[in-house]
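Text of the file target17.pdb, holding PDB, C-alpha atoms, pLDDT in the B column:
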```pdb
ATOM      1  CA  MET A 171      -3.728 -51.427 101.314  1.00 61.00           C
ATOM      2  CA  GLY A 172      -4.991 -47.917 100.557  1.00 81.00           C
ATOM      3  CA  LYS A 173      -5.875 -46.536  97.158  1.00 94.00           C
ATOM      4  CA  THR A 174      -2.981 -44.785  95.430  1.00 98.00           C
ATOM      5  CA  THR A 175      -3.788 -41.143  94.705  1.00 98.00           C
ATOM      6  CA  ILE A 176      -3.172 -40.136  91.096  1.00 98.00           C
ATOM      7  CA  PHE A 177      -1.815 -36.610  90.594  1.00 99.00           C
ATOM      8  CA  GLY A 178      -2.057 -34.872  87.240  1.00 98.00           C
ATOM      9  CA  HIS A 179       1.513 -33.645  86.742  1.00 98.00           C
ATOM     10  CA  ARG A 180       1.372 -29.929  85.826  1.00 98.00           C
ATOM     11  CA  GLY A 181      -2.229 -30.454  84.819  1.00 97.00           C
ATOM     12  CA  VAL A 182      -2.739 -32.766  81.858  1.00 96.00           C
ATOM     13  CA  PRO A 183       0.285 -32.331  79.542  1.00 95.00           C
ATOM     14  CA  ARG A 184      -0.764 -35.289  77.406  1.00 94.00           C
ATOM     15  CA  LYS A 185      -3.798 -33.248  76.339  1.00 94.00           C
ATOM     16  CA  TYR A 186      -3.124 -29.574  77.115  1.00 95.00           C
ATOM     17  CA  ILE A 187      -0.116 -27.304  77.495  1.00 95.00           C
ATOM     18  CA  GLU A 188       1.451 -27.861  80.910  1.00 96.00           C
ATOM     19  CA  ASN A 189       0.259 -25.507  83.633  1.00 96.00           C
ATOM     20  CA  SER A 190      -2.402 -24.027  81.378  1.00 96.00           C
ATOM     21  CA  ILE A 191      -5.840 -22.970  82.563  1.00 95.00           C
ATOM     22  CA  ASP A 192      -7.410 -25.368  80.076  1.00 94.00           C
ATOM     23  CA  GLY A 193      -5.468 -28.288  81.546  1.00 96.00           C
ATOM     24  CA  PHE A 194      -6.287 -27.314  85.115  1.00 97.00           C
ATOM     25  CA  GLU A 195      -9.980 -26.888  84.328  1.00 97.00           C
ATOM     26  CA  TYR A 196     -10.018 -30.300  82.667  1.00 96.00           C
ATOM     27  CA  ILE A 197      -8.483 -32.067  85.660  1.00 98.00           C
ATOM     28  CA  ALA A 198     -10.741 -30.130  88.043  1.00 98.00           C
ATOM     29  CA  GLN A 199     -13.703 -31.732  86.267  1.00 98.00           C
ATOM     30  CA  LYS A 200     -12.347 -35.255  85.809  1.00 98.00           C
ATOM     31  CA  GLY A 201      -9.412 -35.840  88.149  1.00 98.00           C
ATOM     32  CA  GLU A 202      -8.721 -36.421  91.837  1.00 98.00           C
ATOM     33  CA  ALA A 203      -5.396 -34.653  92.430  1.00 98.00           C
ATOM     34  CA  VAL A 204      -3.095 -32.164  90.715  1.00 99.00           C
ATOM     35  CA  GLU A 205       0.516 -31.049  90.990  1.00 98.00           C
ATOM     36  CA  PHE A 206       2.049 -27.722  89.977  1.00 98.00           C
ATOM     37  CA  ASP A 207       5.088 -25.582  90.750  1.00 98.00           C
ATOM     38  CA  VAL A 208       5.394 -22.020  92.008  1.00 98.00           C
ATOM     39  CA  HIS A 209       8.002 -19.265  91.585  1.00 98.00           C
ATOM     40  CA  LEU A 210       7.983 -15.584  92.538  1.00 98.00           C
ATOM     41  CA  THR A 211       8.054 -12.643  90.146  1.00 98.00           C
ATOM     42  CA  LYS A 212      10.095  -9.486  90.514  1.00 98.00           C
ATOM     43  CA  ASP A 213       7.140  -7.905  92.328  1.00 98.00           C
ATOM     44  CA  PHE A 214       6.772 -10.939  94.650  1.00 98.00           C
ATOM     45  CA  GLN A 215       3.730 -12.518  93.030  1.00 98.00           C
ATOM     46  CA  PRO A 216       3.473 -16.341  92.964  1.00 98.00           C
ATOM     47  CA  ILE A 217       3.462 -17.677  89.399  1.00 98.00           C
ATOM     48  CA  VAL A 218       2.638 -21.238  88.318  1.00 98.00           C
ATOM     49  CA  MET A 219       5.395 -22.642  86.114  1.00 98.00           C
ATOM     50  CA  HIS A 220       7.878 -25.474  86.386  1.00 98.00           C
ATOM     51  CA  ASP A 221      11.074 -23.890  85.079  1.00 98.00           C
ATOM     52  CA  GLU A 222      12.908 -20.938  86.580  1.00 98.00           C
ATOM     53  CA  LYS A 223      13.012 -19.450  83.081  1.00 98.00           C
ATOM     54  CA  ILE A 224      10.131 -18.926  80.682  1.00 98.00           C
ATOM     55  CA  ASP A 225      12.169 -20.024  77.640  1.00 97.00           C
ATOM     56  CA  ARG A 226      10.973 -23.641  77.270  1.00 95.00           C
ATOM     57  CA  THR A 227       7.244 -23.180  77.752  1.00 95.00           C
ATOM     58  CA  THR A 228       6.520 -19.672  76.410  1.00 96.00           C
ATOM     59  CA  ASN A 229       7.387 -17.370  73.534  1.00 95.00           C
ATOM     60  CA  GLY A 230       9.569 -15.293  75.852  1.00 98.00           C
ATOM     61  CA  HIS A 231      13.009 -15.534  77.423  1.00 98.00           C
ATOM     62  CA  GLY A 232      14.546 -14.964  80.828  1.00 98.00           C
ATOM     63  CA  TYR A 233      14.026 -15.679  84.494  1.00 98.00           C
ATOM     64  CA  ILE A 234      10.601 -15.344  86.109  1.00 98.00           C
ATOM     65  CA  ARG A 235      12.209 -13.412  88.967  1.00 98.00           C
ATOM     66  CA  ASP A 236      13.309 -10.697  86.525  1.00 98.00           C
ATOM     67  CA  TYR A 237       9.741  -9.897  85.381  1.00 98.00           C
ATOM     68  CA  THR A 238       6.739  -8.365  87.089  1.00 98.00           C
ATOM     69  CA  VAL A 239       3.329  -9.990  86.663  1.00 98.00           C
ATOM     70  CA  ALA A 240       2.337  -7.198  84.294  1.00 98.00           C
ATOM     71  CA  GLU A 241       5.452  -7.754  82.181  1.00 98.00           C
ATOM     72  CA  LEU A 242       4.827 -11.507  81.970  1.00 98.00           C
ATOM     73  CA  ALA A 243       1.415 -10.754  80.458  1.00 96.00           C
ATOM     74  CA  GLN A 244       3.106  -9.961  77.133  1.00 96.00           C
ATOM     75  CA  PHE A 245       4.047 -13.641  76.723  1.00 96.00           C
ATOM     76  CA  HIS A 246       1.966 -16.780  76.242  1.00 95.00           C
ATOM     77  CA  LEU A 247       2.378 -20.513  76.782  1.00 95.00           C
ATOM     78  CA  MET A 248       3.524 -22.593  73.817  1.00 93.00           C
ATOM     79  CA  PRO A 249       2.742 -26.251  72.953  1.00 91.00           C
ATOM     80  CA  ASP A 250       5.419 -28.861  73.589  1.00 90.00           C
ATOM     81  CA  LEU A 251       6.951 -29.804  70.229  1.00 83.00           C
ATOM     82  CA  GLN A 252       7.501 -33.335  71.568  1.00 86.00           C
ATOM     83  CA  ARG A 253       3.744 -33.687  72.067  1.00 87.00           C
ATOM     84  CA  PRO A 254       2.025 -32.942  68.761  1.00 80.00           C
ATOM     85  CA  GLN A 255      -1.310 -34.098  70.205  1.00 81.00           C
ATOM     86  CA  GLN A 256      -1.226 -31.340  72.828  1.00 82.00           C
ATOM     87  CA  ARG A 257      -4.122 -28.914  72.469  1.00 77.00           C
ATOM     88  CA  GLN A 258      -3.445 -25.198  72.380  1.00 70.00           C
ATOM     89  CA  GLY A 259      -6.618 -24.381  74.279  1.00 71.00           C
ATOM     90  CA  LYS A 260      -8.267 -20.995  74.554  1.00 72.00           C
ATOM     91  CA  GLN A 261      -6.365 -19.607  77.539  1.00 74.00           C
ATOM     92  CA  SER A 262      -2.595 -19.580  77.113  1.00 90.00           C
ATOM     93  CA  ALA A 263      -1.506 -16.797  79.450  1.00 95.00           C
ATOM     94  CA  ILE A 264       1.113 -17.431  82.137  1.00 97.00           C
ATOM     95  CA  GLN A 265      -0.937 -17.965  85.268  1.00 97.00           C
ATOM     96  CA  THR A 266      -0.746 -16.601  88.775  1.00 98.00           C
ATOM     97  CA  LEU A 267      -1.181 -18.926  91.726  1.00 98.00           C
ATOM     98  CA  GLU A 268      -4.343 -17.071  92.698  1.00 98.00           C
ATOM     99  CA  ARG A 269      -5.982 -17.772  89.334  1.00 98.00           C
ATOM    100  CA  VAL A 270      -5.127 -21.467  89.536  1.00 98.00           C
ATOM    101  CA  LEU A 271      -6.409 -21.773  93.102  1.00 98.00           C
ATOM    102  CA  GLN A 272      -9.705 -20.257  91.984  1.00 98.00           C
ATOM    103  CA  ILE A 273     -10.205 -23.265  89.724  1.00 98.00           C
ATOM    104  CA  PHE A 274      -9.789 -25.782  92.544  1.00 98.00           C
ATOM    105  CA  GLN A 275     -11.503 -23.768  95.270  1.00 97.00           C
ATOM    106  CA  LYS A 276     -14.837 -25.560  95.006  1.00 92.00           C
ATOM    107  CA  THR A 277     -13.496 -29.046  94.286  1.00 98.00           C
ATOM    108  CA  ASP A 278     -12.314 -31.819  96.566  1.00 98.00           C
ATOM    109  CA  LEU A 279      -9.132 -32.436  94.566  1.00 98.00           C
ATOM    110  CA  MET A 280      -5.901 -32.902  96.464  1.00 98.00           C
ATOM    111  CA  LEU A 281      -3.294 -30.286  95.543  1.00 98.00           C
ATOM    112  CA  ASN A 282       0.457 -30.712  95.578  1.00 99.00           C
ATOM    113  CA  ILE A 283       2.142 -27.320  95.398  1.00 99.00           C
ATOM    114  CA  GLU A 284       5.859 -27.561  94.756  1.00 98.00           C
ATOM    115  CA  LEU A 285       7.963 -24.605  95.862  1.00 98.00           C
ATOM    116  CA  LYS A 286      10.818 -24.218  93.367  1.00 98.00           C
ATOM    117  CA  THR A 287      13.411 -23.120  95.867  1.00 97.00           C
ATOM    118  CA  GLU A 288      16.243 -25.589  95.336  1.00 95.00           C
ATOM    119  CA  ASN A 289      18.280 -23.305  93.034  1.00 95.00           C
ATOM    120  CA  ILE A 290      16.844 -19.807  93.514  1.00 96.00           C
ATOM    121  CA  GLN A 291      15.974 -18.400  96.898  1.00 92.00           C
ATOM    122  CA  TYR A 292      12.673 -16.517  96.793  1.00 97.00           C
ATOM    123  CA  PRO A 293      12.431 -14.540 100.048  1.00 95.00           C
ATOM    124  CA  GLY A 294       9.041 -15.030 101.672  1.00 97.00           C
ATOM    125  CA  ILE A 295       7.665 -17.498  99.131  1.00 98.00           C
ATOM    126  CA  GLU A 296       6.515 -19.917 101.828  1.00 98.00           C
ATOM    127  CA  THR A 297       4.470 -17.269 103.621  1.00 98.00           C
ATOM    128  CA  LEU A 298       2.957 -15.883 100.423  1.00 98.00           C
ATOM    129  CA  VAL A 299       1.888 -19.264  99.043  1.00 98.00           C
ATOM    130  CA  LEU A 300       0.600 -20.570 102.374  1.00 98.00           C
ATOM    131  CA  GLU A 301      -1.457 -17.393 102.861  1.00 98.00           C
ATOM    132  CA  ALA A 302      -2.974 -17.822  99.391  1.00 98.00           C
ATOM    133  CA  VAL A 303      -3.912 -21.447 100.083  1.00 98.00           C
ATOM    134  CA  HIS A 304      -5.614 -20.438 103.335  1.00 98.00           C
ATOM    135  CA  ARG A 305      -7.376 -17.540 101.626  1.00 98.00           C
ATOM    136  CA  PHE A 306      -8.989 -19.975  99.207  1.00 98.00           C
ATOM    137  CA  ASP A 307      -9.770 -22.434 102.013  1.00 98.00           C
ATOM    138  CA  LEU A 308      -7.653 -25.179 100.426  1.00 98.00           C
ATOM    139  CA  ALA A 309      -5.165 -25.878 103.216  1.00 98.00           C
ATOM    140  CA  GLU A 310      -6.688 -29.186 104.298  1.00 98.00           C
ATOM    141  CA  GLN A 311      -6.458 -30.653 100.806  1.00 98.00           C
ATOM    142  CA  THR A 312      -2.978 -29.309  99.998  1.00 98.00           C
ATOM    143  CA  VAL A 313       0.457 -30.818 100.481  1.00 98.00           C
ATOM    144  CA  PHE A 314       3.523 -28.603 100.035  1.00 98.00           C
ATOM    145  CA  SER A 315       6.682 -30.091  98.608  1.00 98.00           C
ATOM    146  CA  SER A 316      10.154 -28.979  97.596  1.00 98.00           C
ATOM    147  CA  ALA A 317      13.586 -30.405  96.898  1.00 98.00           C
ATOM    148  CA  ASN A 318      14.756 -27.825  99.441  1.00 98.00           C
ATOM    149  CA  LEU A 319      14.269 -29.348 102.903  1.00 98.00           C
ATOM    150  CA  GLY A 320      14.574 -25.938 104.544  1.00 98.00           C
ATOM    151  CA  SER A 321      11.684 -24.620 102.495  1.00 98.00           C
ATOM    152  CA  VAL A 322       9.226 -27.361 103.447  1.00 98.00           C
ATOM    153  CA  LYS A 323      10.292 -27.132 107.081  1.00 98.00           C
ATOM    154  CA  ARG A 324       9.529 -23.405 106.990  1.00 98.00           C
ATOM    155  CA  ILE A 325       6.009 -24.273 105.836  1.00 98.00           C
ATOM    156  CA  GLY A 326       5.747 -26.664 108.772  1.00 98.00           C
ATOM    157  CA  ARG A 327       6.813 -23.968 111.201  1.00 98.00           C
ATOM    158  CA  LEU A 328       4.344 -21.483 109.749  1.00 98.00           C
ATOM    159  CA  ASP A 329       1.497 -23.995 110.092  1.00 98.00           C
ATOM    160  CA  GLU A 330       2.188 -27.217 111.976  1.00 96.00           C
ATOM    161  CA  ARG A 331      -1.028 -28.759 110.627  1.00 97.00           C
ATOM    162  CA  GLN A 332       0.051 -28.357 107.000  1.00 98.00           C
ATOM    163  CA  GLN A 333       1.117 -31.467 105.089  1.00 98.00           C
ATOM    164  CA  ILE A 334       4.717 -31.259 103.863  1.00 98.00           C
ATOM    165  CA  ALA A 335       6.912 -33.549 101.754  1.00 98.00           C
ATOM    166  CA  LEU A 336      10.504 -33.640 100.543  1.00 98.00           C
ATOM    167  CA  ILE A 337      11.260 -34.259  96.867  1.00 98.00           C
ATOM    168  CA  SER A 338      14.333 -36.397  96.270  1.00 98.00           C
ATOM    169  CA  GLU A 339      16.053 -38.087  93.351  1.00 97.00           C
ATOM    170  CA  THR A 340      18.756 -39.558  95.586  1.00 97.00           C
ATOM    171  CA  PRO A 341      18.363 -42.491  98.006  1.00 96.00           C
ATOM    172  CA  ILE A 342      17.191 -41.796 101.560  1.00 96.00           C
ATOM    173  CA  SER A 343      18.432 -44.230 104.183  1.00 93.00           C
ATOM    174  CA  ARG A 344      16.271 -45.028 107.202  1.00 96.00           C
ATOM    175  CA  PRO A 345      13.364 -43.148 105.592  1.00 97.00           C
ATOM    176  CA  LEU A 346      10.926 -43.389 108.481  1.00 96.00           C
ATOM    177  CA  ASP A 347      13.483 -42.017 110.935  1.00 97.00           C
ATOM    178  CA  PHE A 348      14.308 -39.274 108.430  1.00 98.00           C
ATOM    179  CA  MET A 349      10.646 -38.283 108.122  1.00 98.00           C
ATOM    180  CA  VAL A 350      10.094 -38.292 111.883  1.00 97.00           C
ATOM    181  CA  ARG A 351      13.241 -36.249 112.470  1.00 97.00           C
ATOM    182  CA  ASN A 352      12.201 -33.630 109.921  1.00 98.00           C
ATOM    183  CA  GLN A 353       8.457 -33.800 110.686  1.00 97.00           C
ATOM    184  CA  LEU A 354       7.632 -34.790 107.097  1.00 98.00           C
ATOM    185  CA  ASP A 355       4.329 -36.345 106.113  1.00 98.00           C
ATOM    186  CA  ALA A 356       5.679 -38.003 102.971  1.00 98.00           C
ATOM    187  CA  LEU A 357       8.566 -38.428 100.548  1.00 98.00           C
ATOM    188  CA  HIS A 358       8.180 -37.591  96.861  1.00 98.00           C
ATOM    189  CA  LEU A 359      10.717 -39.834  95.185  1.00 98.00           C
ATOM    190  CA  LYS A 360      12.049 -40.376  91.709  1.00 98.00           C
ATOM    191  CA  ARG A 361      11.273 -43.808  90.300  1.00 97.00           C
ATOM    192  CA  SER A 362      14.938 -44.891  90.515  1.00 97.00           C
ATOM    193  CA  VAL A 363      15.029 -44.415  94.314  1.00 98.00           C
ATOM    194  CA  MET A 364      11.516 -45.528  95.279  1.00 97.00           C
ATOM    195  CA  LEU A 365      11.510 -47.645  98.418  1.00 95.00           C
ATOM    196  CA  ASN A 366       9.915 -51.026  99.077  1.00 93.00           C
ATOM    197  CA  GLU A 367       9.244 -49.920 102.657  1.00 91.00           C
ATOM    198  CA  VAL A 368       6.864 -47.230 103.978  1.00 94.00           C
ATOM    199  CA  THR A 369       4.940 -47.351 100.707  1.00 96.00           C
ATOM    200  CA  ASN A 370       2.062 -45.552 102.416  1.00 96.00           C
ATOM    201  CA  ARG A 371       4.311 -42.514 102.899  1.00 97.00           C
ATOM    202  CA  GLN A 372       5.704 -42.257  99.371  1.00 98.00           C
ATOM    203  CA  ARG A 373       4.530 -40.529  96.189  1.00 98.00           C
ATOM    204  CA  ILE A 374       6.490 -41.387  93.048  1.00 98.00           C
ATOM    205  CA  TRP A 375       7.261 -39.125  90.051  1.00 98.00           C
ATOM    206  CA  THR A 376       6.713 -38.931  87.097  1.00 98.00           C
ATOM    207  CA  ILE A 377       5.314 -42.251  85.868  1.00 98.00           C
ATOM    208  CA  ASP A 378       3.578 -42.872  82.544  1.00 97.00           C
ATOM    209  CA  ASP A 379       4.567 -46.448  81.654  1.00 97.00           C
ATOM    210  CA  THR A 380       2.119 -49.215  82.472  1.00 97.00           C
ATOM    211  CA  PRO A 381       4.486 -51.700  84.202  1.00 97.00           C
ATOM    212  CA  THR A 382       5.691 -49.137  86.761  1.00 98.00           C
ATOM    213  CA  LEU A 383       2.202 -47.759  87.360  1.00 98.00           C
ATOM    214  CA  LYS A 384       0.961 -51.311  87.898  1.00 97.00           C
ATOM    215  CA  GLN A 385       3.741 -51.954  90.424  1.00 96.00           C
ATOM    216  CA  ILE A 386       2.924 -48.749  92.311  1.00 97.00           C
ATOM    217  CA  PHE A 387      -0.786 -49.576  92.475  1.00 97.00           C
ATOM    218  CA  GLU A 388      -0.241 -53.189  93.510  1.00 96.00           C
ATOM    219  CA  ARG A 389       2.142 -52.214  96.322  1.00 96.00           C
ATOM    220  CA  GLY A 390      -0.173 -49.514  97.598  1.00 96.00           C
ATOM    221  CA  TYR A 391       2.054 -46.464  97.366  1.00 98.00           C
ATOM    222  CA  GLU A 392       0.521 -43.269  98.734  1.00 98.00           C
ATOM    223  CA  GLY A 393       0.547 -41.472  95.412  1.00 98.00           C
ATOM    224  CA  VAL A 394       1.914 -41.207  91.895  1.00 98.00           C
ATOM    225  CA  PHE A 395       2.473 -38.265  89.544  1.00 98.00           C
ATOM    226  CA  THR A 396       1.676 -38.798  85.882  1.00 98.00           C
ATOM    227  CA  ASP A 397       1.239 -36.839  82.650  1.00 97.00           C
ATOM    228  CA  ASP A 398      -1.862 -38.869  81.734  1.00 96.00           C
ATOM    229  CA  PHE A 399      -4.112 -39.225  84.781  1.00 98.00           C
ATOM    230  CA  GLU A 400      -6.953 -40.785  82.785  1.00 97.00           C
ATOM    231  CA  ASN A 401      -4.806 -43.689  81.630  1.00 97.00           C
ATOM    232  CA  ALA A 402      -3.594 -44.177  85.201  1.00 98.00           C
ATOM    233  CA  HIS A 403      -7.177 -44.146  86.506  1.00 98.00           C
ATOM    234  CA  ALA A 404      -8.176 -46.852  84.027  1.00 98.00           C
ATOM    235  CA  LEU A 405      -5.225 -49.049  84.987  1.00 98.00           C
ATOM    236  CA  ARG A 406      -5.844 -48.627  88.708  1.00 98.00           C
ATOM    237  CA  GLN A 407      -9.467 -49.591  88.281  1.00 96.00           C
ATOM    238  CA  ALA A 408      -8.518 -52.623  86.184  1.00 96.00           C
ATOM    239  CA  ILE A 409      -6.249 -54.040  88.893  1.00 93.00           C
ATOM    240  CA  GLY A 410      -8.670 -53.210  91.690  1.00 87.00           C
ATOM    241  CA  ASN A 411      -6.655 -50.615  93.632  1.00 81.00           C
TER     242      ASN A 411
END
```

Would you write out, as structure tokens, the structure that this file holds?
Amino acid sequence: MGKTTIFGHRGVPRKYIENSIDGFEYIAQKGEAVEFDVHLTKDFQPIVMHDEKIDRTTNGHGYIRDYTVAELAQFHLMPDLQRPQQRQGKQSAIQTLERVLQIFQKTDLMLNIELKTENIQYPGIETLVLEAVHRFDLAEQTVFSSANLGSVKRIGRLDERQQIALISETPISRPLDFMVRNQLDALHLKRSVMLNEVTNRQRIWTIDDTPTLKQIFERGYEGVFTDDFENAHALRQAIGN
């Protein structure tokens, strides 16, 4: 049974604003893997943010695709009101992919870059993000994922050596056959549809409760995404995974 890789989900949202430089720098120093999402701006620049709009996580409004990078600079990230312990940090600007990759360039952390292409089609996003990852020499430690199967398959066609995974919140029958047929390296599954089989090819999202984390570690799943990677590390160590 292999050790389950623990991914900091959007950095460390239990401590710092999600997708903030402060959170990414913290996990770069103390973590082993990180997950974040990418969209494209109006001027085709990759931006790190989960939502298609900036409304929830910043002091601005509207779709990322309707702003240029320069226009997004007028806004800043805001703390999550549901997480009063979240630290504001010193760097609250909306971040480009390039700036985030700079943080992880000289680490051995595993990166999961999610392409947010299930609802909005960003022409050329796969090429732009893959080129950036290669430019920072991070391809070997990066897995690309998306809920859009076409998007991850495009990554695979651009670079057949690149790790790719499908995100799903619905059940997948005959998962191994499905992965072979679509040349996937892994499935990133919601807790409610996690499989008892092919545990070494699954990463589960987003888990913070101890019983489910314990189950994932004991069964030897490939990976888990969590908002509190330090708590997950302590639990994994305690059960010997």

Could you expand the PyMOL selection byres ((chain A and resi 220) around 9) into the explicit residues it covers here, written as a ChimeraX atom specification? /A:180,188-189,206-209,218-219,221-224,227,284,286

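The nearest approach to Leu346 in chain A among the residues A:Asp397, A:Glu367, A:Asp378, A:Glu310, with all atoms listed in the file taken into account, belongs to A:Glu367.
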
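Shortest separation to Trp375 in chain A among A:Leu300, A:Leu271, A:Leu242, A:Ile176 occurs at residue A:Ile176, atoms counted being only C-alpha atoms.
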
Residue list as a CSV table (one decimal) with C-alpha atoms, in the frame of the given file for point (10.3, -35.9, 107.1), cut-off 10 Å, all atoms listed in the file:
```csv
chain,number,residue,atom,x,y,z
A,319,LEU,CA,14.3,-29.3,102.9
A,322,VAL,CA,9.2,-27.4,103.4
A,323,LYS,CA,10.3,-27.1,107.1
A,334,ILE,CA,4.7,-31.3,103.9
A,335,ALA,CA,6.9,-33.5,101.8
A,336,LEU,CA,10.5,-33.6,100.5
A,345,PRO,CA,13.4,-43.1,105.6
A,346,LEU,CA,10.9,-43.4,108.5
A,347,ASP,CA,13.5,-42.0,110.9
A,348,PHE,CA,14.3,-39.3,108.4
A,349,MET,CA,10.6,-38.3,108.1
A,350,VAL,CA,10.1,-38.3,111.9
A,351,ARG,CA,13.2,-36.2,112.5
A,352,ASN,CA,12.2,-33.6,109.9
A,353,GLN,CA,8.5,-33.8,110.7
A,354,LEU,CA,7.6,-34.8,107.1
A,355,ASP,CA,4.3,-36.3,106.1
A,356,ALA,CA,5.7,-38.0,103.0
A,357,LEU,CA,8.6,-38.4,100.5
A,371,ARG,CA,4.3,-42.5,102.9
```

Restrict the calculation to all atoms listed in the file, then for each residue of range 185-277 of chain A with any atom at most 10 Å from an atom of range 288-292 of chain A give the closest atom pair and their distance in Å to one decimal, rows by chain and rising residue number, as a Markdown table.
```
| residue | atom | partner | partner_atom | distance |
| --- | --- | --- | --- | --- |
| A:His209 | CA | A:Tyr292 | CA | 7.5 |
| A:Leu210 | CA | A:Tyr292 | CA | 6.4 |
| A:Thr211 | CA | A:Tyr292 | CA | 9.0 |
| A:Lys212 | CA | A:Tyr292 | CA | 9.8 |
| A:Phe214 | CA | A:Tyr292 | CA | 8.4 |
| A:Pro216 | CA | A:Tyr292 | CA | 10.0 |
| A:Glu222 | CA | A:Ile290 | CA | 8.1 |
| A:Arg235 | CA | A:Tyr292 | CA | 8.4 |
```

Export of the given selection (C-alpha atoms) as a compact mmCIF listing (two decimals), in the frame of the given file:
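Final output, saved to result-v4.txt:
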```
# COMPACT_ATOMS: atom_id res chain seq x y z
CA HIS A 209 8.00 -19.26 91.58
CA LEU A 210 7.98 -15.58 92.54
CA THR A 211 8.05 -12.64 90.15
CA LYS A 212 10.10 -9.49 90.51
CA PHE A 214 6.77 -10.94 94.65
CA PRO A 216 3.47 -16.34 92.96
CA GLU A 222 12.91 -20.94 86.58
CA ARG A 235 12.21 -13.41 88.97
```

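Using all atoms listed in the file for every distance, the candidate list A:Ala302, A:Thr174, A:Lys276, A:Ile283 yields A:Thr174 as the residue closest to Asn370 in chain A.
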
Tell me which residues the PyMOL selection byres ((chain A and resi 377) around 12) grabs here, as JSON, numbers by chain. {"A": [176, 177, 178, 179, 359, 360, 361, 362, 364, 373, 374, 375, 376, 378, 379, 380, 381, 382, 383, 384, 385, 386, 387, 393, 394, 395, 396, 397, 398, 399, 401, 402]}

At a cut-off of 8 Å, using only C-alpha atoms, what residues contact Gly230 in chain A? Leave out same-chain residues fewer than 3 positions from it and give the result as number ranges by chain. A: 224-225, 245-246

Mind telling me what the PyMOL selection byres ((chain A and resi 270) around 9) catches here, as a PyMOL selection string? chain A and resi 189-191+194-195+218+265-269+271-275

What is the distance between CA of Thr228 in chain A and CA of Glu241 in chain A, in Å to one decimal? 13.3 Å

As an exercise, work out the distance from CA of Val182 in chain A to CA of Ala309 in chain A in Å and give it to one decimal place. 22.6 Å

Have range 202-213 of chain A completed to N, CA, C and O atoms, please, and pass it along as a PDB file, keeping the file's coordinate frame.
```
ATOM      1  N   GLU A 202      -8.625 -36.319  90.376  1.00 98.00           N
ATOM      2  CA  GLU A 202      -8.721 -36.421  91.837  1.00 98.00           C
ATOM      3  C   GLU A 202      -7.592 -35.685  92.549  1.00 98.00           C
ATOM      4  O   GLU A 202      -7.688 -35.402  93.744  1.00 98.00           O
ATOM      5  N   ALA A 203      -6.525 -35.360  91.818  1.00 98.00           N
ATOM      6  CA  ALA A 203      -5.396 -34.653  92.430  1.00 98.00           C
ATOM      7  C   ALA A 203      -4.578 -33.990  91.329  1.00 98.00           C
ATOM      8  O   ALA A 203      -4.558 -34.452  90.183  1.00 98.00           O
ATOM      9  N   VAL A 204      -3.872 -32.921  91.698  1.00 99.00           N
ATOM     10  CA  VAL A 204      -3.095 -32.164  90.715  1.00 99.00           C
ATOM     11  C   VAL A 204      -1.807 -31.672  91.360  1.00 99.00           C
ATOM     12  O   VAL A 204      -1.758 -31.417  92.570  1.00 99.00           O
ATOM     13  N   GLU A 205      -0.772 -31.565  90.538  1.00 98.00           N
ATOM     14  CA  GLU A 205       0.516 -31.049  90.990  1.00 98.00           C
ATOM     15  C   GLU A 205       0.915 -29.869  90.118  1.00 98.00           C
ATOM     16  O   GLU A 205       0.716 -29.895  88.915  1.00 98.00           O
ATOM     17  N   PHE A 206       1.471 -28.834  90.746  1.00 98.00           N
ATOM     18  CA  PHE A 206       2.049 -27.722  89.977  1.00 98.00           C
ATOM     19  C   PHE A 206       3.108 -27.024  90.817  1.00 98.00           C
ATOM     20  O   PHE A 206       3.194 -27.208  92.027  1.00 98.00           O
ATOM     21  N   ASP A 207       3.930 -26.216  90.137  1.00 98.00           N
ATOM     22  CA  ASP A 207       5.088 -25.582  90.750  1.00 98.00           C
ATOM     23  C   ASP A 207       4.898 -24.071  90.821  1.00 98.00           C
ATOM     24  O   ASP A 207       4.204 -23.482  89.981  1.00 98.00           O
ATOM     25  N   VAL A 208       5.563 -23.453  91.795  1.00 98.00           N
ATOM     26  CA  VAL A 208       5.394 -22.020  92.008  1.00 98.00           C
ATOM     27  C   VAL A 208       6.746 -21.315  92.139  1.00 98.00           C
ATOM     28  O   VAL A 208       7.643 -21.799  92.846  1.00 98.00           O
ATOM     29  N   HIS A 209       6.866 -20.180  91.461  1.00 98.00           N
ATOM     30  CA  HIS A 209       8.002 -19.265  91.585  1.00 98.00           C
ATOM     31  C   HIS A 209       7.469 -17.889  91.983  1.00 98.00           C
ATOM     32  O   HIS A 209       6.256 -17.662  91.980  1.00 98.00           O
ATOM     33  N   LEU A 210       8.382 -16.962  92.264  1.00 98.00           N
ATOM     34  CA  LEU A 210       7.983 -15.584  92.538  1.00 98.00           C
ATOM     35  C   LEU A 210       8.499 -14.648  91.453  1.00 98.00           C
ATOM     36  O   LEU A 210       9.618 -14.796  90.969  1.00 98.00           O
ATOM     37  N   THR A 211       7.666 -13.667  91.108  1.00 98.00           N
ATOM     38  CA  THR A 211       8.054 -12.643  90.146  1.00 98.00           C
ATOM     39  C   THR A 211       8.890 -11.561  90.814  1.00 98.00           C
ATOM     40  O   THR A 211       9.096 -11.564  92.036  1.00 98.00           O
ATOM     41  N   LYS A 212       9.322 -10.624  90.012  1.00 98.00           N
ATOM     42  CA  LYS A 212      10.095  -9.486  90.514  1.00 98.00           C
ATOM     43  C   LYS A 212       9.307  -8.682  91.542  1.00 98.00           C
ATOM     44  O   LYS A 212       9.883  -8.122  92.482  1.00 98.00           O
ATOM     45  N   ASP A 213       7.986  -8.636  91.373  1.00 98.00           N
ATOM     46  CA  ASP A 213       7.140  -7.905  92.328  1.00 98.00           C
ATOM     47  C   ASP A 213       6.481  -8.862  93.346  1.00 98.00           C
ATOM     48  O   ASP A 213       5.428  -8.574  93.887  1.00 98.00           O
TER      49      ASP A 213
END
```
